[in-house]
$ cat work.cif   # mmCIF, C-alpha atoms
data_work
loop_
_atom_site.label_atom_id
_atom_site.label_comp_id
_atom_site.auth_asym_id
_atom_site.auth_seq_id
_atom_site.Cartn_x
_atom_site.Cartn_y
_atom_site.Cartn_z
CA MET Z 1 54.29 155.78 -12.79
CA SER Z 2 57.01 153.40 -13.97
CA ALA Z 3 56.28 149.91 -15.22
CA SER Z 4 57.66 148.31 -12.07
CA ASP Z 5 55.12 149.81 -9.68
CA THR Z 6 52.15 149.17 -11.90
CA PRO Z 7 50.09 146.56 -10.10
CA LYS Z 8 49.47 143.32 -11.95
CA ARG Z 9 46.16 143.41 -13.73
CA SER Z 10 43.56 141.12 -12.33
CA MET Z 11 40.08 140.37 -13.52
CA ARG Z 12 38.94 140.21 -9.90
CA THR Z 13 37.26 143.23 -8.39
CA PRO Z 14 38.48 144.51 -5.00
CA LEU Z 15 35.29 143.20 -3.43
CA GLY Z 16 35.72 139.80 -5.04
CA ARG Z 17 39.23 139.51 -3.64
CA VAL Z 18 38.14 139.89 -0.05
CA ARG Z 19 34.70 138.32 -0.21
CA ASN Z 20 34.36 135.28 2.08
CA LEU Z 21 37.71 135.94 3.72
CA GLY Z 22 36.24 137.70 6.75
CA ALA Z 23 34.07 136.43 9.57
CA ALA Z 24 35.75 133.06 9.92
CA HIS Z 25 36.01 132.05 6.29
CA SER Z 26 39.29 130.93 4.81
CA GLY Z 27 41.15 134.20 5.37
CA THR Z 28 40.95 133.87 9.13
CA SER Z 29 40.15 130.18 9.35
CA ASP Z 30 42.93 129.45 11.85
CA PHE Z 31 41.77 132.27 14.10
CA TRP Z 32 38.25 130.90 14.01
CA ARG Z 33 39.24 127.26 14.51
CA GLN Z 34 41.49 128.22 17.41
CA ARG Z 35 38.43 129.71 19.13
CA LEU Z 36 36.13 126.88 18.08
CA THR Z 37 38.42 124.19 19.48
CA GLY Z 38 39.11 126.32 22.58
CA VAL Z 39 35.39 126.61 23.33
CA ALA Z 40 34.95 122.89 22.65
CA MET Z 41 37.68 121.95 25.13
CA THR Z 42 36.32 124.38 27.74
CA LEU Z 43 32.95 122.62 27.48
CA LEU Z 44 34.60 119.18 27.60
CA ILE Z 45 37.04 119.82 30.45
CA ILE Z 46 34.70 118.80 33.30
CA PRO Z 47 33.66 115.48 31.67
CA VAL Z 48 37.32 114.77 30.79
CA ILE Z 49 38.44 115.42 34.38
CA VAL Z 50 35.64 113.16 35.65
CA VAL Z 51 36.81 110.36 33.32
CA ILE Z 52 40.41 110.72 34.51
CA MET Z 53 39.25 110.72 38.14
CA MET Z 54 37.36 107.48 37.45
CA MET Z 55 40.56 105.90 36.18
CA LEU Z 56 42.83 106.92 39.04
CA SER Z 57 42.39 103.93 41.29
CA SER Z 58 42.06 101.27 38.61
CA ASN Z 59 44.54 98.94 36.95
CA GLN Z 60 44.72 98.24 33.22
CA ALA Z 61 41.74 95.88 33.28
CA GLY Z 62 39.64 98.53 35.02
CA ALA Z 63 40.90 101.25 32.70
CA LYS Z 64 39.93 99.08 29.74
CA VAL Z 65 36.37 98.69 31.01
CA ILE Z 66 36.00 102.44 31.61
CA LEU Z 67 37.55 103.54 28.31
CA SER Z 68 35.49 101.09 26.28
CA SER Z 69 32.24 102.75 27.34
CA LEU Z 70 30.73 104.61 24.39
CA PRO Z 71 30.04 108.03 26.00
CA ILE Z 72 33.49 108.07 27.59
CA ALA Z 73 35.16 107.12 24.31
CA VAL Z 74 33.24 109.88 22.51
CA ILE Z 75 34.16 112.49 25.14
CA LEU Z 76 37.85 111.59 24.88
CA LEU Z 77 37.78 111.43 21.07
CA LEU Z 78 36.22 114.90 20.87
CA PHE Z 79 38.75 116.26 23.36
CA ILE Z 80 41.69 114.72 21.49
CA PHE Z 81 40.45 115.98 18.13
CA ALA Z 82 39.93 119.52 19.49
CA SER Z 83 43.24 119.61 21.37
CA ALA Z 84 45.32 118.30 18.45
CA TRP Z 85 43.84 120.92 16.16
CA HIS Z 86 44.16 123.67 18.77
CA MET Z 87 47.78 122.88 19.57
CA LYS Z 88 48.70 122.59 15.89
CA ILE Z 89 47.41 126.12 15.25
CA GLY Z 90 48.94 127.50 18.46
CA MET Z 91 52.37 126.05 17.81
CA GLN Z 92 52.29 127.31 14.24
CA VAL Z 93 51.70 130.83 15.55
CA VAL Z 94 54.65 130.43 17.92
CA ILE Z 95 56.86 129.15 15.08
CA GLU Z 96 55.83 131.98 12.79
CA ASP Z 97 56.62 134.50 15.54
CA TYR Z 98 60.07 133.25 16.48
CA VAL Z 99 61.52 131.34 13.51
CA HIS Z 100 62.61 133.77 10.86
CA ASN Z 101 64.75 131.58 8.63
CA GLU Z 102 62.35 130.60 5.84
CA LYS Z 103 63.60 127.02 5.41
CA VAL Z 104 63.75 126.29 9.13
CA LYS Z 105 60.27 127.76 9.46
CA LEU Z 106 58.94 125.55 6.68
CA VAL Z 107 60.44 122.41 8.23
CA SER Z 108 59.19 123.42 11.71
CA VAL Z 109 55.65 123.98 10.48
CA MET Z 110 55.74 120.59 8.75
CA LEU Z 111 57.06 118.81 11.85
CA ASN Z 112 54.37 120.56 13.88
CA ASN Z 113 51.70 119.16 11.56
CA PHE Z 114 53.23 115.68 11.72
CA PHE Z 115 53.40 115.79 15.52
CA ALA Z 116 49.80 116.94 15.96
CA ILE Z 117 48.47 114.36 13.51
CA ALA Z 118 50.59 111.55 14.98
CA VAL Z 119 49.43 112.30 18.55
CA ALA Z 120 45.81 112.55 17.44
CA LEU Z 121 45.88 109.34 15.39
CA ALA Z 122 47.77 107.30 17.98
CA SER Z 123 45.35 108.37 20.73
CA THR Z 124 42.32 107.79 18.50
CA TYR Z 125 43.59 104.34 17.53
CA ALA Z 126 44.07 103.45 21.21
CA ILE Z 127 40.52 104.49 22.10
CA LEU Z 128 38.97 102.71 19.12
CA LYS Z 129 40.96 99.58 19.95
CA LEU Z 130 39.67 99.68 23.53
CA SER Z 131 36.10 100.33 22.36
CA SER Z 132 36.07 97.47 19.88
CA GLY Z 133 37.65 95.15 22.42
CA VAL Z 134 40.28 93.63 20.11
CA MET Y 1 50.78 142.48 33.43
CA ALA Y 2 52.98 140.44 31.15
CA LEU Y 3 50.86 137.34 31.38
CA SER Y 4 50.33 136.76 27.69
CA ILE Y 5 53.72 135.03 27.60
CA VAL Y 6 52.50 132.67 30.35
CA HIS Y 7 49.52 131.80 28.17
CA ARG Y 8 51.93 130.98 25.37
CA ALA Y 9 54.38 129.10 27.60
CA THR Y 10 51.64 126.95 29.14
CA GLY Y 11 50.35 126.28 25.62
CA VAL Y 12 53.77 125.02 24.52
CA ALA Y 13 54.07 122.91 27.69
CA LEU Y 14 50.65 121.37 27.05
CA TYR Y 15 51.70 120.66 23.47
CA PHE Y 16 54.45 118.35 24.69
CA GLY Y 17 52.35 117.19 27.65
CA THR Y 18 49.95 115.67 25.13
CA LEU Y 19 52.53 112.91 24.72
CA LEU Y 20 51.71 111.86 28.27
CA LEU Y 21 48.01 111.61 27.44
CA ALA Y 22 48.78 109.64 24.28
CA TRP Y 23 51.18 107.33 26.18
CA TRP Y 24 48.52 106.64 28.81
CA LEU Y 25 45.86 105.78 26.21
CA ILE Y 26 48.18 103.62 24.13
CA ALA Y 27 49.35 101.80 27.28
CA ALA Y 28 45.74 101.15 28.30
CA ALA Y 29 45.10 99.70 24.85
CA SER Y 30 48.32 97.65 24.87
CA GLY Y 31 47.99 95.67 28.06
CA PRO Y 32 48.79 95.34 31.78
CA ALA Y 33 52.59 95.52 31.39
CA ALA Y 34 52.53 98.74 29.37
CA TYR Y 35 49.97 100.25 31.72
CA SER Y 36 52.03 99.45 34.79
CA TYR Y 37 54.89 101.53 33.32
CA VAL Y 38 52.56 104.55 33.13
CA GLN Y 39 51.37 103.96 36.68
CA ALA Y 40 54.94 103.61 37.91
CA PHE Y 41 55.74 106.94 36.28
CA THR Y 42 52.67 108.83 37.52
CA GLY Y 43 53.18 107.28 40.96
CA SER Y 44 56.78 108.49 41.23
CA PHE Y 45 57.64 111.88 42.71
CA PHE Y 46 58.97 113.19 39.41
CA GLY Y 47 56.00 111.86 37.46
CA ARG Y 48 53.56 113.32 39.94
CA LEU Y 49 55.34 116.68 39.69
CA ILE Y 50 55.00 116.58 35.88
CA VAL Y 51 51.29 115.71 36.08
CA PHE Y 52 50.75 118.44 38.68
CA GLY Y 53 52.50 120.94 36.38
CA TYR Y 54 50.41 119.66 33.48
CA THR Y 55 47.22 120.19 35.50
CA TRP Y 56 48.22 123.75 36.34
CA ALA Y 57 49.22 124.52 32.74
CA LEU Y 58 45.85 123.20 31.55
CA MET Y 59 43.80 125.10 34.14
CA HIS Y 60 45.72 128.32 33.66
CA HIS Y 61 45.68 128.12 29.86
CA MET Y 62 41.94 127.46 29.88
CA LEU Y 63 41.08 130.38 32.18
CA SER Y 64 43.53 132.63 30.38
CA GLY Y 65 41.88 131.50 27.14
CA ILE Y 66 38.44 132.41 28.51
CA ARG Y 67 39.93 135.85 29.22
CA HIS Y 68 40.79 136.03 25.51
CA PHE Y 69 37.22 135.02 24.61
CA VAL Y 70 35.96 137.94 26.71
CA TRP Y 71 38.26 140.28 24.79
CA ASP Y 72 37.25 138.68 21.45
CA LEU Y 73 33.65 139.56 22.28
CA GLY Y 74 34.68 143.16 22.86
CA TYR Y 75 34.48 143.35 26.64
CA GLY Y 76 36.98 143.89 29.44
CA PHE Y 77 39.35 146.37 27.79
CA LYS Y 78 39.42 148.96 30.59
CA ALA Y 79 42.62 148.95 32.63
CA ASN Y 80 40.97 147.69 35.81
CA GLU Y 81 39.00 145.05 33.88
CA ARG Y 82 42.15 143.79 32.19
CA GLU Y 83 43.85 143.52 35.57
CA ALA Y 84 40.87 141.71 37.09
CA LEU Y 85 40.68 139.20 34.23
CA THR Y 86 44.40 138.53 34.39
CA TRP Y 87 44.48 138.07 38.16
CA GLY Y 88 41.33 135.97 37.89
CA ALA Y 89 43.06 133.62 35.45
CA LEU Y 90 46.21 133.46 37.58
CA ILE Y 91 44.52 132.86 40.93
CA GLY Y 92 41.71 130.78 39.41
CA GLY Y 93 44.25 128.54 37.66
CA ILE Y 94 46.12 127.81 40.88
CA ALA Y 95 42.88 127.33 42.84
CA ALA Y 96 41.42 124.96 40.23
CA THR Y 97 44.65 122.94 40.15
CA VAL Y 98 44.67 122.52 43.94
CA LEU Y 99 40.96 121.65 43.91
CA VAL Y 100 41.40 119.01 41.19
CA TRP Y 101 44.26 117.41 43.12
CA ILE Y 102 42.36 117.40 46.41
CA ILE Y 103 39.47 115.63 44.67
CA ALA Y 104 41.92 113.26 42.94
CA TYR Y 105 43.43 112.22 46.26
CA ALA Y 106 39.97 112.01 47.83
CA VAL Y 107 38.77 109.54 45.18
CA GLY Y 108 41.78 107.33 45.71
CA GLY Y 109 44.38 108.64 43.30
CA GLY Y 110 47.08 109.04 45.92
CA ARG Y 111 47.72 105.41 46.72
#

$ encode --input "work.cif" --output "structure tokens"
Amino acid sequence: MSASDTPKRSMRTPLGRVRNLGAAHSGTSDFWRQRLTGVAMTLLIIPVIVVIMMMLSSNQAGAKVILSSLPIAVILLLFIFASAWHMKIGMQVVIEDYVHNEKVKLVSVMLNNFFAIAVALASTYAILKLSSGV
Amino acid sequence: MALSIVHRATGVALYFGTLLLAWWLIAAASGPAAYSYVQAFTGSFFGRLIVFGYTWALMHHMLSGIRHFVWDLGYGFKANEREALTWGALIGGIAATVLVWIIAYAVGGGR
């Protein structure tokens, strides 16, 4: 065995290196959160559709009244939070699959994060503004 | 069935479709003028087409996602089961979209 293929010495045992990385801990956290947010949105889809149906025939004043109701605001906030997280993870997977240039990939993953956070915060701000009536 | 790419494509479409949801909420929070722009868009033929496409992408992606949950839990791997789940997501997605739009028009969304 030459020096080059000698693995770097580590004080960590093989078990220690993998411990807590399985079963939805940090090693597969995105996999787990993708499922978690997916289940959350599946549970929320009927209430969300009902809210949108309620809004269909109303103008801005009516929309304001509906969106400022606490349960409706909470339903939409949960849905927005879950969808922003879900789409951030999903798009990152797509980027990692198709973008092979390391720098372009890095920039794409960053822009993806910015987009998801911007959409989530803008939507959240709008709902909180409607709820607080300012 | 090569439907996994449809799951991915609808996911990417929904990603950008979120802008529509954000626009609608921000407009509602901004005032009558901003909100009337959204209503003019969703009332137009093109806007309605986009929202219809968004509805289908959402319904299909959700049912296709449930199919993935079934696989995650270790079920539905036999050839005929895979086919059934995939066709279920495809047909169910279209059916759910049509149903949602029928209800939407029934409750006064088609003015």

$ interface_residues --input "work.cif" --of "chain Y" --to "chain Z" --cutoff "9 Å" --atoms "only C-alpha atoms" --output "ChimeraX atom specification"
/Y:8,11-12,14-15,18-19,21-36,39,62-63,65-66,69,100,103-105,107-111

$ resolve_selection --input "work.cif" --expression "the PyMOL selection byres ((chain Y and resi 82) around 12)" --output "JSON, numbers by chain"
{"Y": [1, 2, 3, 4, 64, 67, 68, 70, 71, 74, 75, 76, 77, 78, 79, 80, 81, 83, 84, 85, 86, 87, 88, 89]}

$ axis_aligned_box --input "work.cif" --around "segment 86-91 of chain Y" --padding-each-side "4 Å" --output "AutoDock Vina command-line options"
--center_x 43.8 --center_y 135.7 --center_z 37.7 --size_x 12.9 --size_y 13.7 --size_z 14.5

$ atom_distance --input "work.cif" --atom1 "atom CA of Thr55 of chain Y" --atom2 "atom CA of Ala82 of chain Z"
17.6 Å

$ atom_distance --input "work.cif" --atom1 "atom CA of Phe45 of chain Y" --atom2 "atom CA of Ala106 of chain Y"
18.4 Å

$ atom_distance --input "work.cif" --atom1 "atom CA of Arg19 of chain Z" --atom2 "atom CA of Arg33 of chain Z"
19.0 Å

$ decode --input "work.cif" --residues "segment 28-63 of chain Z" --atoms "N, CA and C atoms" --output "PDB file, in the first residue's frame"
ATOM      1  N   THR Z  28     -29.987  12.458   5.530  1.00  0.00           N
ATOM      2  CA  THR Z  28     -31.050  12.395   4.539  1.00  0.00           C
ATOM      3  C   THR Z  28     -32.133  13.404   4.887  1.00  0.00           C
ATOM      4  N   SER Z  29     -31.718  14.536   5.447  1.00  0.00           N
ATOM      5  CA  SER Z  29     -32.711  15.496   5.932  1.00  0.00           C
ATOM      6  C   SER Z  29     -33.583  16.027   4.795  1.00  0.00           C
ATOM      7  N   ASP Z  30     -32.982  16.270   3.620  1.00  0.00           N
ATOM      8  CA  ASP Z  30     -33.783  16.786   2.512  1.00  0.00           C
ATOM      9  C   ASP Z  30     -34.815  15.773   2.053  1.00  0.00           C
ATOM     10  N   PHE Z  31     -34.402  14.509   2.019  1.00  0.00           N
ATOM     11  CA  PHE Z  31     -35.335  13.441   1.639  1.00  0.00           C
ATOM     12  C   PHE Z  31     -36.528  13.437   2.597  1.00  0.00           C
ATOM     13  N   TRP Z  32     -36.212  13.508   3.868  1.00  0.00           N
ATOM     14  CA  TRP Z  32     -37.266  13.481   4.892  1.00  0.00           C
ATOM     15  C   TRP Z  32     -38.162  14.715   4.810  1.00  0.00           C
ATOM     16  N   ARG Z  33     -37.547  15.886   4.670  1.00  0.00           N
ATOM     17  CA  ARG Z  33     -38.340  17.124   4.649  1.00  0.00           C
ATOM     18  C   ARG Z  33     -39.184  17.228   3.393  1.00  0.00           C
ATOM     19  N   GLN Z  34     -38.682  16.646   2.296  1.00  0.00           N
ATOM     20  CA  GLN Z  34     -39.472  16.615   1.071  1.00  0.00           C
ATOM     21  C   GLN Z  34     -40.768  15.837   1.304  1.00  0.00           C
ATOM     22  N   ARG Z  35     -40.657  14.719   2.022  1.00  0.00           N
ATOM     23  CA  ARG Z  35     -41.847  13.906   2.343  1.00  0.00           C
ATOM     24  C   ARG Z  35     -42.735  14.617   3.356  1.00  0.00           C
ATOM     25  N   LEU Z  36     -42.102  15.182   4.382  1.00  0.00           N
ATOM     26  CA  LEU Z  36     -42.853  15.871   5.437  1.00  0.00           C
ATOM     27  C   LEU Z  36     -43.710  16.994   4.856  1.00  0.00           C
ATOM     28  N   THR Z  37     -43.085  17.830   4.023  1.00  0.00           N
ATOM     29  CA  THR Z  37     -43.811  18.958   3.436  1.00  0.00           C
ATOM     30  C   THR Z  37     -44.835  18.466   2.417  1.00  0.00           C
ATOM     31  N   GLY Z  38     -44.511  17.362   1.724  1.00  0.00           N
ATOM     32  CA  GLY Z  38     -45.463  16.780   0.767  1.00  0.00           C
ATOM     33  C   GLY Z  38     -46.715  16.283   1.464  1.00  0.00           C
ATOM     34  N   VAL Z  39     -46.537  15.577   2.581  1.00  0.00           N
ATOM     35  CA  VAL Z  39     -47.685  15.095   3.360  1.00  0.00           C
ATOM     36  C   VAL Z  39     -48.481  16.288   3.896  1.00  0.00           C
ATOM     37  N   ALA Z  40     -47.766  17.295   4.386  1.00  0.00           N
ATOM     38  CA  ALA Z  40     -48.436  18.483   4.934  1.00  0.00           C
ATOM     39  C   ALA Z  40     -49.329  19.131   3.877  1.00  0.00           C
ATOM     40  N   MET Z  41     -48.793  19.298   2.660  1.00  0.00           N
ATOM     41  CA  MET Z  41     -49.574  19.949   1.605  1.00  0.00           C
ATOM     42  C   MET Z  41     -50.745  19.081   1.152  1.00  0.00           C
ATOM     43  N   THR Z  42     -50.543  17.754   1.170  1.00  0.00           N
ATOM     44  CA  THR Z  42     -51.639  16.851   0.805  1.00  0.00           C
ATOM     45  C   THR Z  42     -52.792  16.994   1.804  1.00  0.00           C
ATOM     46  N   LEU Z  43     -52.439  17.150   3.095  1.00  0.00           N
ATOM     47  CA  LEU Z  43     -53.472  17.329   4.115  1.00  0.00           C
ATOM     48  C   LEU Z  43     -54.143  18.701   3.995  1.00  0.00           C
ATOM     49  N   LEU Z  44     -53.363  19.696   3.533  1.00  0.00           N
ATOM     50  CA  LEU Z  44     -53.875  21.066   3.488  1.00  0.00           C
ATOM     51  C   LEU Z  44     -54.606  21.406   2.197  1.00  0.00           C
ATOM     52  N   ILE Z  45     -54.495  20.535   1.178  1.00  0.00           N
ATOM     53  CA  ILE Z  45     -54.978  20.925  -0.149  1.00  0.00           C
ATOM     54  C   ILE Z  45     -56.481  21.213  -0.175  1.00  0.00           C
ATOM     55  N   ILE Z  46     -57.276  20.400   0.536  1.00  0.00           N
ATOM     56  CA  ILE Z  46     -58.729  20.632   0.515  1.00  0.00           C
ATOM     57  C   ILE Z  46     -59.074  21.984   1.166  1.00  0.00           C
ATOM     58  N   PRO Z  47     -58.567  22.251   2.404  1.00  0.00           N
ATOM     59  CA  PRO Z  47     -58.838  23.574   2.978  1.00  0.00           C
ATOM     60  C   PRO Z  47     -58.357  24.721   2.081  1.00  0.00           C
ATOM     61  N   VAL Z  48     -57.197  24.571   1.458  1.00  0.00           N
ATOM     62  CA  VAL Z  48     -56.666  25.644   0.598  1.00  0.00           C
ATOM     63  C   VAL Z  48     -57.591  25.876  -0.598  1.00  0.00           C
ATOM     64  N   ILE Z  49     -58.063  24.771  -1.206  1.00  0.00           N
ATOM     65  CA  ILE Z  49     -58.976  24.914  -2.348  1.00  0.00           C
ATOM     66  C   ILE Z  49     -60.280  25.594  -1.898  1.00  0.00           C
ATOM     67  N   VAL Z  50     -60.760  25.217  -0.711  1.00  0.00           N
ATOM     68  CA  VAL Z  50     -61.988  25.836  -0.189  1.00  0.00           C
ATOM     69  C   VAL Z  50     -61.795  27.343  -0.024  1.00  0.00           C
ATOM     70  N   VAL Z  51     -60.635  27.745   0.526  1.00  0.00           N
ATOM     71  CA  VAL Z  51     -60.354  29.173   0.715  1.00  0.00           C
ATOM     72  C   VAL Z  51     -60.350  29.890  -0.635  1.00  0.00           C
ATOM     73  N   ILE Z  52     -59.686  29.294  -1.628  1.00  0.00           N
ATOM     74  CA  ILE Z  52     -59.621  29.933  -2.949  1.00  0.00           C
ATOM     75  C   ILE Z  52     -61.013  30.024  -3.576  1.00  0.00           C
ATOM     76  N   MET Z  53     -61.820  28.980  -3.382  1.00  0.00           N
ATOM     77  CA  MET Z  53     -63.199  29.000  -3.892  1.00  0.00           C
ATOM     78  C   MET Z  53     -63.991  30.153  -3.253  1.00  0.00           C
ATOM     79  N   MET Z  54     -63.750  30.364  -1.947  1.00  0.00           N
ATOM     80  CA  MET Z  54     -64.450  31.431  -1.235  1.00  0.00           C
ATOM     81  C   MET Z  54     -64.108  32.810  -1.802  1.00  0.00           C
ATOM     82  N   MET Z  55     -62.893  32.903  -2.350  1.00  0.00           N
ATOM     83  CA  MET Z  55     -62.419  34.201  -2.830  1.00  0.00           C
ATOM     84  C   MET Z  55     -62.877  34.530  -4.247  1.00  0.00           C
ATOM     85  N   LEU Z  56     -63.312  33.489  -4.983  1.00  0.00           N
ATOM     86  CA  LEU Z  56     -63.492  33.643  -6.427  1.00  0.00           C
ATOM     87  C   LEU Z  56     -64.416  34.785  -6.833  1.00  0.00           C
ATOM     88  N   SER Z  57     -65.522  34.929  -6.098  1.00  0.00           N
ATOM     89  CA  SER Z  57     -66.484  35.933  -6.552  1.00  0.00           C
ATOM     90  C   SER Z  57     -66.389  37.238  -5.760  1.00  0.00           C
ATOM     91  N   SER Z  58     -65.267  37.431  -5.057  1.00  0.00           N
ATOM     92  CA  SER Z  58     -65.186  38.661  -4.270  1.00  0.00           C
ATOM     93  C   SER Z  58     -64.146  39.631  -4.824  1.00  0.00           C
ATOM     94  N   ASN Z  59     -64.363  40.902  -4.530  1.00  0.00           N
ATOM     95  CA  ASN Z  59     -63.384  41.932  -4.905  1.00  0.00           C
ATOM     96  C   ASN Z  59     -62.326  42.047  -3.812  1.00  0.00           C
ATOM     97  N   GLN Z  60     -61.483  43.065  -3.903  1.00  0.00           N
ATOM     98  CA  GLN Z  60     -60.380  43.180  -2.937  1.00  0.00           C
ATOM     99  C   GLN Z  60     -60.881  43.341  -1.504  1.00  0.00           C
ATOM    100  N   ALA Z  61     -61.957  44.109  -1.334  1.00  0.00           N
ATOM    101  CA  ALA Z  61     -62.490  44.310   0.020  1.00  0.00           C
ATOM    102  C   ALA Z  61     -62.955  42.979   0.615  1.00  0.00           C
ATOM    103  N   GLY Z  62     -63.630  42.177  -0.224  1.00  0.00           N
ATOM    104  CA  GLY Z  62     -64.087  40.863   0.224  1.00  0.00           C
ATOM    105  C   GLY Z  62     -62.929  39.931   0.498  1.00  0.00           C
ATOM    106  N   ALA Z  63     -61.941  39.969  -0.383  1.00  0.00           N
ATOM    107  CA  ALA Z  63     -60.754  39.127  -0.226  1.00  0.00           C
ATOM    108  C   ALA Z  63     -60.040  39.451   1.085  1.00  0.00           C
TER     109      ALA Z  63
END
